[in-house]
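A.B. asks: Sharing start_27.cif (mmCIF, N, CA and C atoms) below.
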```
data_protein
#
loop_
_atom_site.label_atom_id
_atom_site.label_comp_id
_atom_site.auth_asym_id
_atom_site.auth_seq_id
_atom_site.Cartn_x
_atom_site.Cartn_y
_atom_site.Cartn_z
N MET A 47 -2.91 -3.45 16.69
CA MET A 47 -2.82 -3.28 15.24
C MET A 47 -3.18 -1.85 14.89
N ARG A 48 -2.41 -1.31 13.98
CA ARG A 48 -2.58 0.05 13.51
C ARG A 48 -2.79 0.04 12.00
N CYS A 49 -3.53 1.01 11.48
CA CYS A 49 -3.75 1.11 10.04
C CYS A 49 -3.32 2.48 9.55
N LEU A 50 -2.71 2.50 8.37
CA LEU A 50 -2.30 3.74 7.71
C LEU A 50 -2.91 3.79 6.31
N LEU A 51 -3.22 5.00 5.88
CA LEU A 51 -3.70 5.24 4.52
C LEU A 51 -2.60 5.96 3.77
N LEU A 52 -2.18 5.41 2.64
CA LEU A 52 -1.07 5.99 1.87
C LEU A 52 -1.50 6.23 0.43
N ARG A 53 -1.04 7.35 -0.13
CA ARG A 53 -1.25 7.66 -1.54
C ARG A 53 0.12 7.70 -2.19
N ILE A 54 0.32 6.85 -3.21
CA ILE A 54 1.61 6.73 -3.89
C ILE A 54 1.49 7.40 -5.26
N ARG A 55 2.40 8.33 -5.53
CA ARG A 55 2.37 9.07 -6.80
C ARG A 55 3.64 8.78 -7.59
N GLY A 56 3.51 8.84 -8.90
CA GLY A 56 4.62 8.58 -9.81
C GLY A 56 4.11 7.74 -10.96
N ARG A 57 4.98 6.90 -11.52
CA ARG A 57 4.54 5.95 -12.57
C ARG A 57 4.17 4.67 -11.84
N VAL A 58 2.90 4.63 -11.36
CA VAL A 58 2.47 3.53 -10.51
C VAL A 58 1.23 2.80 -11.04
N GLN A 59 0.71 3.25 -12.17
CA GLN A 59 -0.39 2.51 -12.79
C GLN A 59 0.08 1.91 -14.10
N GLY A 60 -0.43 0.73 -14.42
CA GLY A 60 -0.03 0.06 -15.65
C GLY A 60 1.30 -0.66 -15.54
N VAL A 61 1.81 -0.82 -14.32
CA VAL A 61 3.11 -1.47 -14.11
C VAL A 61 3.01 -2.62 -13.11
N GLY A 62 1.80 -3.05 -12.78
CA GLY A 62 1.62 -4.17 -11.85
C GLY A 62 1.76 -3.76 -10.39
N PHE A 63 1.71 -2.47 -10.11
CA PHE A 63 1.95 -1.99 -8.75
C PHE A 63 0.99 -2.62 -7.74
N ARG A 64 -0.28 -2.70 -8.05
CA ARG A 64 -1.25 -3.27 -7.10
C ARG A 64 -0.96 -4.74 -6.81
N TYR A 65 -0.60 -5.49 -7.82
CA TYR A 65 -0.34 -6.92 -7.63
C TYR A 65 0.93 -7.16 -6.83
N TYR A 66 1.97 -6.38 -7.11
CA TYR A 66 3.20 -6.49 -6.32
C TYR A 66 2.96 -6.04 -4.88
N THR A 67 2.12 -5.01 -4.70
CA THR A 67 1.79 -4.53 -3.36
C THR A 67 1.07 -5.62 -2.58
N GLN A 68 0.12 -6.29 -3.22
CA GLN A 68 -0.60 -7.38 -2.57
C GLN A 68 0.36 -8.50 -2.17
N ALA A 69 1.26 -8.87 -3.07
CA ALA A 69 2.22 -9.96 -2.78
C ALA A 69 3.12 -9.57 -1.61
N GLN A 70 3.61 -8.32 -1.59
CA GLN A 70 4.49 -7.88 -0.51
C GLN A 70 3.72 -7.84 0.81
N ALA A 71 2.50 -7.36 0.78
CA ALA A 71 1.68 -7.31 2.00
C ALA A 71 1.45 -8.72 2.55
N GLU A 72 1.15 -9.66 1.68
CA GLU A 72 0.93 -11.03 2.13
C GLU A 72 2.20 -11.62 2.73
N CYS A 73 3.36 -11.32 2.14
CA CYS A 73 4.64 -11.80 2.70
C CYS A 73 4.88 -11.25 4.10
N LEU A 74 4.47 -10.01 4.32
CA LEU A 74 4.70 -9.36 5.61
C LEU A 74 3.59 -9.61 6.63
N GLY A 75 2.50 -10.25 6.20
CA GLY A 75 1.37 -10.47 7.11
C GLY A 75 0.50 -9.25 7.32
N ILE A 76 0.55 -8.33 6.36
CA ILE A 76 -0.24 -7.08 6.40
C ILE A 76 -1.63 -7.36 5.86
N THR A 77 -2.64 -6.73 6.45
CA THR A 77 -3.99 -6.77 5.89
C THR A 77 -4.31 -5.38 5.36
N GLY A 78 -5.37 -5.28 4.57
CA GLY A 78 -5.79 -4.00 4.02
C GLY A 78 -6.22 -4.13 2.58
N TRP A 79 -5.98 -3.08 1.81
CA TRP A 79 -6.39 -3.06 0.41
C TRP A 79 -5.52 -2.09 -0.38
N VAL A 80 -5.61 -2.17 -1.71
CA VAL A 80 -4.92 -1.26 -2.63
C VAL A 80 -5.83 -1.03 -3.82
N ARG A 81 -5.80 0.20 -4.36
CA ARG A 81 -6.63 0.52 -5.52
C ARG A 81 -6.01 1.63 -6.34
N ASN A 82 -6.32 1.65 -7.65
CA ASN A 82 -5.93 2.73 -8.53
C ASN A 82 -6.87 3.90 -8.31
N MET A 83 -6.34 5.11 -8.43
CA MET A 83 -7.15 6.32 -8.31
C MET A 83 -7.24 7.00 -9.68
N SER A 84 -8.27 7.80 -9.88
CA SER A 84 -8.51 8.42 -11.18
C SER A 84 -7.42 9.43 -11.57
N ASP A 85 -6.66 9.94 -10.60
CA ASP A 85 -5.60 10.91 -10.91
C ASP A 85 -4.27 10.25 -11.28
N GLY A 86 -4.24 8.91 -11.39
CA GLY A 86 -3.04 8.19 -11.78
C GLY A 86 -2.22 7.69 -10.60
N SER A 87 -2.65 8.01 -9.40
CA SER A 87 -1.94 7.53 -8.21
C SER A 87 -2.52 6.20 -7.77
N VAL A 88 -1.91 5.61 -6.75
CA VAL A 88 -2.40 4.38 -6.13
C VAL A 88 -2.62 4.69 -4.66
N GLU A 89 -3.74 4.23 -4.12
CA GLU A 89 -4.04 4.40 -2.70
C GLU A 89 -4.07 3.04 -2.03
N THR A 90 -3.51 2.97 -0.83
CA THR A 90 -3.51 1.71 -0.10
C THR A 90 -3.76 1.96 1.37
N CYS A 91 -4.45 1.04 1.99
CA CYS A 91 -4.63 1.03 3.43
C CYS A 91 -3.91 -0.21 3.93
N ILE A 92 -2.95 0.00 4.83
CA ILE A 92 -2.16 -1.12 5.36
C ILE A 92 -2.37 -1.22 6.87
N CYS A 93 -2.58 -2.43 7.35
CA CYS A 93 -2.85 -2.67 8.77
C CYS A 93 -1.90 -3.74 9.28
N GLY A 94 -1.27 -3.47 10.42
CA GLY A 94 -0.35 -4.42 11.01
C GLY A 94 0.31 -3.83 12.24
N ASN A 95 1.33 -4.52 12.74
CA ASN A 95 2.07 -3.99 13.88
C ASN A 95 3.12 -3.00 13.37
N SER A 96 3.82 -2.35 14.28
CA SER A 96 4.79 -1.30 13.90
C SER A 96 5.87 -1.80 12.95
N GLU A 97 6.41 -2.99 13.22
CA GLU A 97 7.46 -3.55 12.35
C GLU A 97 6.93 -3.84 10.96
N GLN A 98 5.74 -4.44 10.89
CA GLN A 98 5.15 -4.74 9.59
C GLN A 98 4.90 -3.47 8.79
N LEU A 99 4.33 -2.45 9.45
CA LEU A 99 4.03 -1.20 8.76
C LEU A 99 5.30 -0.52 8.27
N ALA A 100 6.35 -0.52 9.10
CA ALA A 100 7.62 0.09 8.69
C ALA A 100 8.20 -0.61 7.47
N ALA A 101 8.16 -1.93 7.46
CA ALA A 101 8.68 -2.70 6.33
C ALA A 101 7.87 -2.42 5.07
N MET A 102 6.55 -2.35 5.20
CA MET A 102 5.70 -2.09 4.04
C MET A 102 5.90 -0.67 3.53
N GLN A 103 6.02 0.28 4.42
CA GLN A 103 6.26 1.67 4.01
C GLN A 103 7.59 1.79 3.26
N ALA A 104 8.61 1.10 3.74
CA ALA A 104 9.91 1.13 3.07
C ALA A 104 9.79 0.55 1.66
N TRP A 105 9.03 -0.54 1.51
CA TRP A 105 8.85 -1.14 0.19
C TRP A 105 8.06 -0.19 -0.72
N LEU A 106 6.99 0.41 -0.20
CA LEU A 106 6.15 1.30 -1.00
C LEU A 106 6.91 2.54 -1.46
N ALA A 107 7.92 2.95 -0.74
CA ALA A 107 8.71 4.13 -1.13
C ALA A 107 9.45 3.90 -2.45
N HIS A 108 9.65 2.63 -2.83
CA HIS A 108 10.33 2.30 -4.08
C HIS A 108 9.43 1.52 -5.03
N GLY A 109 8.56 0.65 -4.49
CA GLY A 109 7.68 -0.16 -5.32
C GLY A 109 8.43 -1.20 -6.11
N PRO A 110 7.76 -1.84 -7.06
CA PRO A 110 8.41 -2.84 -7.90
C PRO A 110 9.36 -2.17 -8.90
N ALA A 111 10.21 -2.96 -9.49
CA ALA A 111 11.21 -2.44 -10.43
C ALA A 111 10.58 -1.71 -11.62
N SER A 112 9.38 -2.11 -12.01
CA SER A 112 8.71 -1.51 -13.16
C SER A 112 8.10 -0.15 -12.86
N ALA A 113 8.04 0.24 -11.60
CA ALA A 113 7.41 1.50 -11.20
C ALA A 113 8.46 2.58 -10.91
N ARG A 114 7.97 3.81 -10.82
CA ARG A 114 8.78 4.94 -10.35
C ARG A 114 7.95 5.69 -9.32
N VAL A 115 8.34 5.61 -8.08
CA VAL A 115 7.62 6.29 -7.00
C VAL A 115 8.24 7.66 -6.80
N ASP A 116 7.42 8.71 -6.96
CA ASP A 116 7.90 10.08 -6.77
C ASP A 116 7.61 10.59 -5.36
N HIS A 117 6.47 10.17 -4.81
CA HIS A 117 6.07 10.71 -3.51
C HIS A 117 5.05 9.78 -2.86
N VAL A 118 5.11 9.67 -1.53
CA VAL A 118 4.13 8.90 -0.77
C VAL A 118 3.56 9.80 0.32
N ASP A 119 2.25 10.02 0.29
CA ASP A 119 1.54 10.76 1.33
C ASP A 119 1.02 9.75 2.33
N GLU A 120 1.17 10.03 3.61
CA GLU A 120 0.73 9.11 4.66
C GLU A 120 -0.24 9.81 5.60
N HIS A 121 -1.33 9.10 5.93
CA HIS A 121 -2.34 9.61 6.85
C HIS A 121 -2.82 8.45 7.73
N PRO A 122 -3.26 8.75 8.94
CA PRO A 122 -3.89 7.70 9.74
C PRO A 122 -5.16 7.24 9.01
N ALA A 123 -5.43 5.96 9.02
CA ALA A 123 -6.64 5.44 8.38
C ALA A 123 -7.83 5.72 9.28
N PRO A 124 -8.99 5.93 8.70
CA PRO A 124 -10.19 6.11 9.52
C PRO A 124 -10.42 4.89 10.40
N GLU A 125 -10.96 5.10 11.57
CA GLU A 125 -11.26 4.00 12.49
C GLU A 125 -12.22 3.01 11.83
N SER A 126 -11.80 1.78 11.75
CA SER A 126 -12.66 0.72 11.22
C SER A 126 -12.03 -0.62 11.57
N THR A 127 -12.76 -1.67 11.34
CA THR A 127 -12.24 -3.00 11.57
C THR A 127 -11.31 -3.38 10.43
N PRO A 128 -10.06 -3.75 10.72
CA PRO A 128 -9.16 -4.14 9.63
C PRO A 128 -9.71 -5.35 8.87
N PRO A 129 -9.52 -5.36 7.56
CA PRO A 129 -9.98 -6.50 6.77
C PRO A 129 -9.21 -7.76 7.14
N PRO A 130 -9.77 -8.93 6.89
CA PRO A 130 -9.11 -10.18 7.28
C PRO A 130 -7.89 -10.53 6.43
N ARG A 131 -7.78 -9.94 5.24
CA ARG A 131 -6.63 -10.20 4.37
C ARG A 131 -6.39 -8.98 3.51
N PHE A 132 -5.39 -9.02 2.64
CA PHE A 132 -5.07 -7.89 1.78
C PHE A 132 -5.70 -8.10 0.41
N THR A 133 -6.46 -7.12 -0.06
CA THR A 133 -7.19 -7.27 -1.33
C THR A 133 -6.92 -6.12 -2.28
N ILE A 134 -7.11 -6.40 -3.55
CA ILE A 134 -7.07 -5.38 -4.59
C ILE A 134 -8.51 -4.98 -4.86
N ILE A 135 -8.79 -3.69 -4.79
CA ILE A 135 -10.16 -3.23 -5.06
C ILE A 135 -10.19 -2.25 -6.21
#
```
Would you mind writing the file out in structure tokens?

C.D. replies:
Amino acid sequence: MRCLLLRIRGRVQGVGFRYYTQAQAECLGITGWVRNMSDGSVETCICGNSEQLAAMQAWLAHGPASARVDHVDEHPAPESTPPPRFTII
């Protein structure tokens, strides 16, 4: 299992982005978390196998229909134990 830390920028707050992200992660079997950031972006840590991560990254590049994703920054997540499920924090 691998974990990635992603920062999503655009119109991603106030449009249900975190809730749709949680639903998509649960459908894909991804664990991790998602949260709003003070600069208007959304940050998420996603953990799963290569196929799961690729599918989640593809979804995050567009987000839900109510959002507008302008850019996604990707970084390796710090070493830690992956959470048991996907949560909104």

A.B. asks: Quick one: which residues end up in the PyMOL selection byres ((chain A and resi 74-78) around 6) for this structure, as a list in words?

C.D. replies: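 With the shown file as input, the PyMOL selection byres ((chain A and resi 74-78) around 6) matches Gln70, Ala71, Glu72, Cys73, Trp79, Val80, Cys91, Ile92, Cys93, Gly94, Gln98, Pro129, Pro130, Arg131, Phe132 and Thr133 of chain A.
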
A.B. asks: Let me see the file: selected residues, N, CA and C atoms, as a PDB file, keeping the file's coordinate frame.

C.D. replies:
```
ATOM      1  N   GLN A  70       3.610  -8.320  -1.590  1.00  0.00           N
ATOM      2  CA  GLN A  70       4.490  -7.880  -0.510  1.00  0.00           C
ATOM      3  C   GLN A  70       3.720  -7.840   0.810  1.00  0.00           C
ATOM      4  N   ALA A  71       2.500  -7.360   0.780  1.00  0.00           N
ATOM      5  CA  ALA A  71       1.680  -7.310   2.000  1.00  0.00           C
ATOM      6  C   ALA A  71       1.450  -8.720   2.550  1.00  0.00           C
ATOM      7  N   GLU A  72       1.150  -9.660   1.680  1.00  0.00           N
ATOM      8  CA  GLU A  72       0.930 -11.030   2.130  1.00  0.00           C
ATOM      9  C   GLU A  72       2.200 -11.620   2.730  1.00  0.00           C
ATOM     10  N   CYS A  73       3.360 -11.320   2.140  1.00  0.00           N
ATOM     11  CA  CYS A  73       4.640 -11.800   2.700  1.00  0.00           C
ATOM     12  C   CYS A  73       4.880 -11.250   4.100  1.00  0.00           C
ATOM     13  N   TRP A  79      -5.980  -3.080   1.810  1.00  0.00           N
ATOM     14  CA  TRP A  79      -6.390  -3.060   0.410  1.00  0.00           C
ATOM     15  C   TRP A  79      -5.520  -2.090  -0.380  1.00  0.00           C
ATOM     16  N   VAL A  80      -5.610  -2.170  -1.710  1.00  0.00           N
ATOM     17  CA  VAL A  80      -4.920  -1.260  -2.630  1.00  0.00           C
ATOM     18  C   VAL A  80      -5.830  -1.030  -3.820  1.00  0.00           C
ATOM     19  N   CYS A  91      -4.450   1.040   1.990  1.00  0.00           N
ATOM     20  CA  CYS A  91      -4.630   1.030   3.430  1.00  0.00           C
ATOM     21  C   CYS A  91      -3.910  -0.210   3.930  1.00  0.00           C
ATOM     22  N   ILE A  92      -2.950   0.000   4.830  1.00  0.00           N
ATOM     23  CA  ILE A  92      -2.160  -1.120   5.360  1.00  0.00           C
ATOM     24  C   ILE A  92      -2.370  -1.220   6.870  1.00  0.00           C
ATOM     25  N   CYS A  93      -2.580  -2.430   7.350  1.00  0.00           N
ATOM     26  CA  CYS A  93      -2.850  -2.670   8.770  1.00  0.00           C
ATOM     27  C   CYS A  93      -1.900  -3.740   9.280  1.00  0.00           C
ATOM     28  N   GLY A  94      -1.270  -3.470  10.420  1.00  0.00           N
ATOM     29  CA  GLY A  94      -0.350  -4.420  11.010  1.00  0.00           C
ATOM     30  C   GLY A  94       0.310  -3.830  12.240  1.00  0.00           C
ATOM     31  N   GLN A  98       5.740  -4.440  10.890  1.00  0.00           N
ATOM     32  CA  GLN A  98       5.150  -4.740   9.590  1.00  0.00           C
ATOM     33  C   GLN A  98       4.900  -3.470   8.790  1.00  0.00           C
ATOM     34  N   PRO A 129      -9.520  -5.360   7.560  1.00  0.00           N
ATOM     35  CA  PRO A 129      -9.980  -6.500   6.770  1.00  0.00           C
ATOM     36  C   PRO A 129      -9.210  -7.760   7.140  1.00  0.00           C
ATOM     37  N   PRO A 130      -9.770  -8.930   6.890  1.00  0.00           N
ATOM     38  CA  PRO A 130      -9.110 -10.180   7.280  1.00  0.00           C
ATOM     39  C   PRO A 130      -7.890 -10.530   6.430  1.00  0.00           C
ATOM     40  N   ARG A 131      -7.780  -9.940   5.240  1.00  0.00           N
ATOM     41  CA  ARG A 131      -6.630 -10.200   4.370  1.00  0.00           C
ATOM     42  C   ARG A 131      -6.390  -8.980   3.510  1.00  0.00           C
ATOM     43  N   PHE A 132      -5.390  -9.020   2.640  1.00  0.00           N
ATOM     44  CA  PHE A 132      -5.070  -7.890   1.780  1.00  0.00           C
ATOM     45  C   PHE A 132      -5.700  -8.100   0.410  1.00  0.00           C
ATOM     46  N   THR A 133      -6.460  -7.120  -0.060  1.00  0.00           N
ATOM     47  CA  THR A 133      -7.190  -7.270  -1.330  1.00  0.00           C
ATOM     48  C   THR A 133      -6.920  -6.120  -2.280  1.00  0.00           C
TER      49      THR A 133
END
```

A.B. asks: Just to confirm, what's the straight-line distance from atom C of Arg55 (chain A) to atom N of Ser126 (chain A) in Å (one decimal)?

C.D. replies: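 Spanning atom C of Arg55 (chain A) to atom N of Ser126 (chain A) is a straight-line distance of 25.7 Å.
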
A.B. asks: Which centre and edge lengths in Å to one decimal define the box along x, y and z that fits every listed atom of region 131-134 of chain A plus 4 Å per side, as JSON?

C.D. replies:
```
{"center_x": -6.8, "center_y": -7.6, "center_z": 0.2, "size_x": 11.4, "size_y": 13.2, "size_z": 18.1}
```

A.B. asks: One number please: atom N of Arg48 (chain A) to atom C of Val61 (chain A), in Å, one decimal.

C.D. replies: 27.7 Å

A.B. asks: Quick check for you: according to DSSP on this backbone, which residues of chain A are classed as strand (DSSP E)? Reply as a PyMOL selection string.

C.D. replies: chain A and resi 48-57+77-82+88-94+114-122+132-134

A.B. asks: Just to confirm, what's the straight-line distance from CA of Trp105 (chain A) to CA of Met83 (chain A) in Å (one decimal)?

C.D. replies: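 Spanning CA of Trp105 (chain A) to CA of Met83 (chain A) is a straight-line distance of 19.6 Å.
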
A.B. asks: I want to know what sits within 7 Å of Arg53 (chain A), based on all atoms listed in the file, with residues of the same chain fewer than 4 positions away left out; could you give that as a list in words?

C.D. replies: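 What passes the distance filter is Ser87, Val88, Glu89, Thr90, His117, Val118, Asp119, Glu120 and His121 of chain A.
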
A.B. asks: Determine the nearest neighbour of Tyr66 (chain A) from the options A:Pro110, A:Pro122, A:Gly86, A:Pro128, counting only C-alpha atoms.

C.D. replies: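 Nearest candidate to Tyr66 (chain A) out of A:Pro110, A:Pro122, A:Gly86, A:Pro128: A:Pro110.
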
A.B. asks: Which of these residues is nearest to Ala123 (chain A), using only N, CA and C atoms: A:Ala111, A:Ala69, A:Met102, A:Leu50?

C.D. replies: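 Answer, going by the shortest atom-to-atom distance: A:Leu50.
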
A.B. asks: Just checking: using only C-alpha atoms, which residue out of A:Asn95, A:Leu51, A:Arg64, A:Gln59 ends up closest to Ile135 (chain A)?

C.D. replies: A:Arg64

A.B. asks: Tell me which of A:Glu125, A:Ile134, A:Asp116, A:Thr67 sits closest to Ile54 (chain A), counting only N, CA and C atoms.

C.D. replies: A:Asp116

A.B. asks: Considering only C-alpha atoms, can you say which of A:Glu97, A:Ala113, A:Pro124, A:Asp85 comes closest to Tyr65 (chain A)?

C.D. replies: A:Ala113

A.B. asks: Could you pull out the alpha helix (DSSP H) residues of chain A from DSSP and send them as a list in words?

C.D. replies: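 These are the residues in question: Phe63, Arg64, Tyr65, Tyr66, Thr67, Gln68, Ala69, Gln70, Ala71, Glu72, Cys73, Leu74, Ser96, Glu97, Gln98, Leu99, Ala100, Ala101, Met102, Gln103, Ala104, Trp105 and Leu106 of chain A.
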
A.B. asks: Take the residues just selected and output them with N, CA and C atoms as a compact mmCIF listing (two decimals), keeping the file's coordinate frame.

C.D. replies:
```txt
# COMPACT_ATOMS: atom_id res chain seq x y z
N PHE A 63 1.71 -2.47 -10.11
CA PHE A 63 1.95 -1.99 -8.75
C PHE A 63 0.99 -2.62 -7.74
N ARG A 64 -0.28 -2.70 -8.05
CA ARG A 64 -1.25 -3.27 -7.10
C ARG A 64 -0.96 -4.74 -6.81
N TYR A 65 -0.60 -5.49 -7.82
CA TYR A 65 -0.34 -6.92 -7.63
C TYR A 65 0.93 -7.16 -6.83
N TYR A 66 1.97 -6.38 -7.11
CA TYR A 66 3.20 -6.49 -6.32
C TYR A 66 2.96 -6.04 -4.88
N THR A 67 2.12 -5.01 -4.70
CA THR A 67 1.79 -4.53 -3.36
C THR A 67 1.07 -5.62 -2.58
N GLN A 68 0.12 -6.29 -3.22
CA GLN A 68 -0.60 -7.38 -2.57
C GLN A 68 0.36 -8.50 -2.17
N ALA A 69 1.26 -8.87 -3.07
CA ALA A 69 2.22 -9.96 -2.78
C ALA A 69 3.12 -9.57 -1.61
N GLN A 70 3.61 -8.32 -1.59
CA GLN A 70 4.49 -7.88 -0.51
C GLN A 70 3.72 -7.84 0.81
N ALA A 71 2.50 -7.36 0.78
CA ALA A 71 1.68 -7.31 2.00
C ALA A 71 1.45 -8.72 2.55
N GLU A 72 1.15 -9.66 1.68
CA GLU A 72 0.93 -11.03 2.13
C GLU A 72 2.20 -11.62 2.73
N CYS A 73 3.36 -11.32 2.14
CA CYS A 73 4.64 -11.80 2.70
C CYS A 73 4.88 -11.25 4.10
N LEU A 74 4.47 -10.01 4.32
CA LEU A 74 4.70 -9.36 5.61
C LEU A 74 3.59 -9.61 6.63
N SER A 96 3.82 -2.35 14.28
CA SER A 96 4.79 -1.30 13.90
C SER A 96 5.87 -1.80 12.95
N GLU A 97 6.41 -2.99 13.22
CA GLU A 97 7.46 -3.55 12.35
C GLU A 97 6.93 -3.84 10.96
N GLN A 98 5.74 -4.44 10.89
CA GLN A 98 5.15 -4.74 9.59
C GLN A 98 4.90 -3.47 8.79
N LEU A 99 4.33 -2.45 9.45
CA LEU A 99 4.03 -1.20 8.76
C LEU A 99 5.30 -0.52 8.27
N ALA A 100 6.35 -0.52 9.10
CA ALA A 100 7.62 0.09 8.69
C ALA A 100 8.20 -0.61 7.47
N ALA A 101 8.16 -1.93 7.46
CA ALA A 101 8.68 -2.70 6.33
C ALA A 101 7.87 -2.42 5.07
N MET A 102 6.55 -2.35 5.20
CA MET A 102 5.70 -2.09 4.04
C MET A 102 5.90 -0.67 3.53
N GLN A 103 6.02 0.28 4.42
CA GLN A 103 6.26 1.67 4.01
C GLN A 103 7.59 1.79 3.26
N ALA A 104 8.61 1.10 3.74
CA ALA A 104 9.91 1.13 3.07
C ALA A 104 9.79 0.55 1.66
N TRP A 105 9.03 -0.54 1.51
CA TRP A 105 8.85 -1.14 0.19
C TRP A 105 8.06 -0.19 -0.72
N LEU A 106 6.99 0.41 -0.20
CA LEU A 106 6.15 1.30 -1.00
C LEU A 106 6.91 2.54 -1.46
```

A.B. asks: Pick the closest to Gly60 (chain A) from A:Ala101, A:His108, A:Arg114, A:Met47: which is it, counting only C-alpha atoms?

C.D. replies: A:Arg114
